[in-house]
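What follows is a set of notes on a single structure, which appears directly below.
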Amino acid sequence: MHPVVTEVTERIIARSRDSRASYLEHVEAARHAGPGRAKLSCANFAHAFAASPEGDKLRMRDPHAPNVAIVSAYNDMLSAHQPLERFPAIIKQAAEAVGATAQFAGGVPAMCDGVTQGRPGMELSLFSRDVIAMSTGVALTHDAFDAALMLGVCDKIVPGLFIGGLSFGHLPVIFVPGGPMTSGISNAEKARVRALYAEGKVTREELLDSEMKSYHGPGTCTFYGTANSNQMMMEMTGLHLPGSAFIHPNTPLRDALVAAAPRRAVEIAQGTNAYTPMAEVVSAKSIVNMIAGLLATGGSTNHTLHLVAMARAAGVLIDWRDFDELSQATPLLARVYPNGTEDVNAFHAAGGMAFVVRELLDAGLAHEDVVTVAGGGLREYQKEPFLDGGRLVWREGTDKSLNLDILRPASDPFRPEGGMRLLQGGLGRAVIKTSAVKPEHLKIEAPAVIFHDQEDLIAAYKRGELNRDFVAVVRFQGPQANGMPELHSLTPTLGVLLDKGHKVALVTDGRMSGASGKVPAAIHVTPEAAAGGAIARVRDGDIIRLDAERGVLDILVDHRELMSRPAEVVSQPGFGYGRELFGWMRRAAGPAEQGASVLFEGIAA
């Protein structure tokens, strides 16, 4: 193992000793309580299966016949989740073929940041993760299941399902993805039209036409944002069947993988020799593997929030220092849009996850000795699924990149370091995604221009006030202020200014999209403005220093003077578009470096 990976892993294990022990104690108590159906009274039992077909009822009366829960994020508005409509029927048929049953235990909400981006509803987005976790708990709390399948793909959905599933960590849990849509217009063309629209050089109709040629069918958006980073992480932690992440929906191979999931869930259910509860799959080592995959592929910054919360649900405590140190040891192996020109379909064709897993293991940057739902260790995930005469089989993936412009070996990476760094200094702590930022833009020292929402910045640009060097400080965008919406609408505007030769950067206590790219952005600033952090005391004209190479985020104002200034107070609307229902979550949200969650008072000590 690489010495940095060993050191960080040992530090996480030591830090998490008490919380992990407490979590596993709860899991062990649930396991010893036995299968839920055995504890149901006759009336409870009858209620649980009253609507099932007669054949299923007969099997359910057999205490040795497993019953598999289906928890799904299906809706037909969102392209990534529309394919999930077909999955329950495939799963039930496959379960029946091996003498088991499957029930649709519950649905969870699935909202799309691509739809709500720049709209008031985006303020619900981050908190929807915790709602999904709670909804998963509701679905499984009937306690009538021997295993669970999680059907979800996108940004907050997979983290929420993951957190909720860990509350039932004694159950085997397999994640069943839907896959990406086929490729549309090139990402370079899409970005070109967006930049032209930001400059007022193309019409809204021309922009819409371009976007619809990009987002054009069922499946996940094909850029490498949070949704596809989720799929990468489920491979790295061993909760997918190997190679499931990037197979297109509505294809024979995808359907075969969906059918294989309940069969495997039955094989690893409690009472079998291969019993594999989720609590054993998700460990400190598998969390480190997820971070390694995220860094090696230039994945989404949103996971510096989500992965912290996901780990904590298993009693594993990580922080941004862990990301930073692992990033300095992990080479960047992939360039996928927005960090490159090609999409996840090209990444998969070039060797994809099987190649990434092999390279990380061979370089000692990921732990092989972990538990996975596939059986064996992480080496199982350097295999790829194929159909052989209609039968699902796995073969070794390629040991060479098939496109060095997209995917490189650890011996010849795009960069010697991964894509994220910790920033700290007089403004607090923050993270920055560096994998798509040109080296000459990694350091900036310029006057601050203060904004309290992204619309103000865009309006100032349209008035011609931003044709200069500056650091945009967009504050009161943290979890306690307004739910921490993504500020992806700023990317085209700031990108145009960067292209004009201005030195620009963003500093914010909010989030950027998992698709954020070339503009240097210090995000998730903690403490946030609404909690009285230093960012609430910055004034227009203060000189901000952002140095991603040295890990510095500072303000060139004497610290005593800065902290003697009154912290500005800005009240966000909090009403309309359902926002009033989430007021308690804004008040209860933890800081960004702890996952910006409301859940953990009772989950991990």
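Labels used: A, B, ... for chains in the order of the structure tokens, numbers from 1 for residues in each chain, and numbers from 1 for ligands as shown.
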Between segment 236-318 of chain A and segment 330-352 of chain A, at 8 Å or less, what are the per-residue closest atom pairs and their distances in Å? Count only C-alpha atoms, order by chain and rising residue number, and return it as JSON lines.
{"residue": "A:Phe246", "atom": "CA", "partner": "A:His348", "partner_atom": "CA", "distance": 6.6}
{"residue": "A:Ala292", "atom": "CA", "partner": "A:Thr330", "partner_atom": "CA", "distance": 6.7}
{"residue": "A:Leu295", "atom": "CA", "partner": "A:Thr330", "partner_atom": "CA", "distance": 6.6}
{"residue": "A:Ala296", "atom": "CA", "partner": "A:Leu332", "partner_atom": "CA", "distance": 4.5}
{"residue": "A:Thr297", "atom": "CA", "partner": "A:Ala334", "partner_atom": "CA", "distance": 4.7}
{"residue": "A:Gly298", "atom": "CA", "partner": "A:Leu332", "partner_atom": "CA", "distance": 6.7}
**OP:** Write out as a ChimeraX atom specification the residues lying within 8 Å of Ile157 of chain A, counting only C-alpha atoms and excluding same-chain residues fewer than 5 positions away.
**Re:** /A:73,109-110,128-129,132,152
Take the residues that were just selected and, keeping C-alpha atoms, output them as a PDB file, in the first residue's frame.
ATOM      1  CA  ALA A  73     -36.386   6.618  -6.823  1.00  0.00           C
ATOM      2  CA  PRO A 109     -38.229  11.423  -3.884  1.00  0.00           C
ATOM      3  CA  ALA A 110     -35.828  12.245  -6.686  1.00  0.00           C
ATOM      4  CA  SER A 128     -33.582  16.068  -0.143  1.00  0.00           C
ATOM      5  CA  ARG A 129     -30.660  13.720   0.566  1.00  0.00           C
ATOM      6  CA  ILE A 132     -34.416  10.257   0.992  1.00  0.00           C
ATOM      7  CA  GLY A 152     -31.392   5.213  -7.734  1.00  0.00           C
TER       8      GLY A 152
END
Subject >> Exercise: Val68 of chain A partners within 7 Å, only C-alpha atoms, chain neighbours under 6 positions left out, as a list in words >> reply: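 Neighbouring residues, sequence-local ones excluded: Thr101, Ala102, Gln103, Phe145, Asp146, Ala147 and Ala148 of chain A.
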Subject >> Test item: residues at most 10 Å from Val308 of chain A, only C-alpha atoms, excluding those fewer than 6 positions along its chain, as an NGL selection string >> reply: :A and (287 or 316-320 or 592-597)
Filtering to N, CA and C atoms, could you give me those residues as a CSV table (one decimal), in the first residue's frame?
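Written file, again_1.csv:
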chain,number,residue,atom,x,y,z
A,287,ILE,N,-14.4,3.2,2.4
A,287,ILE,CA,-14.6,4.7,2.3
A,287,ILE,C,-13.4,5.3,1.7
A,316,VAL,N,-18.1,5.9,10.5
A,316,VAL,CA,-16.7,6.2,10.0
A,316,VAL,C,-16.6,7.7,9.9
A,317,LEU,N,-15.6,8.3,10.5
A,317,LEU,CA,-15.5,9.8,10.6
A,317,LEU,C,-14.4,10.3,9.7
A,318,ILE,N,-14.7,11.0,8.7
A,318,ILE,CA,-13.7,11.6,7.8
A,318,ILE,C,-13.8,13.1,7.7
A,319,ASP,N,-12.8,13.7,7.2
A,319,ASP,CA,-12.9,15.2,7.1
A,319,ASP,C,-12.1,15.6,5.8
A,320,TRP,N,-12.0,16.9,5.6
A,320,TRP,CA,-11.4,17.4,4.3
A,320,TRP,C,-9.9,17.2,4.3
A,592,ALA,N,-20.6,22.3,6.8
A,592,ALA,CA,-20.4,21.6,5.6
A,592,ALA,C,-19.4,20.4,5.8
A,593,GLU,N,-18.3,20.7,6.6
A,593,GLU,CA,-17.3,19.6,6.7
A,593,GLU,C,-17.8,18.4,7.4
A,594,GLN,N,-18.9,18.5,8.1
A,594,GLN,CA,-19.5,17.3,8.7
A,594,GLN,C,-20.7,16.8,7.9
A,595,GLY,N,-20.8,17.2,6.6
A,595,GLY,CA,-21.8,16.7,5.7
A,595,GLY,C,-23.0,17.5,5.6
A,596,ALA,N,-23.1,18.6,6.3
A,596,ALA,CA,-24.3,19.5,6.1
A,596,ALA,C,-25.6,18.8,6.3
A,597,SER,N,-25.6,17.9,7.3
A,597,SER,CA,-26.8,17.0,7.5
A,597,SER,C,-27.5,17.4,8.8
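Residue nearest Leu305 of chain A within the list A:Ser214, A:Thr251, A:Asn187, A:Thr526: A:Thr526 [criterion: smallest interatomic distance, only C-alpha atoms].
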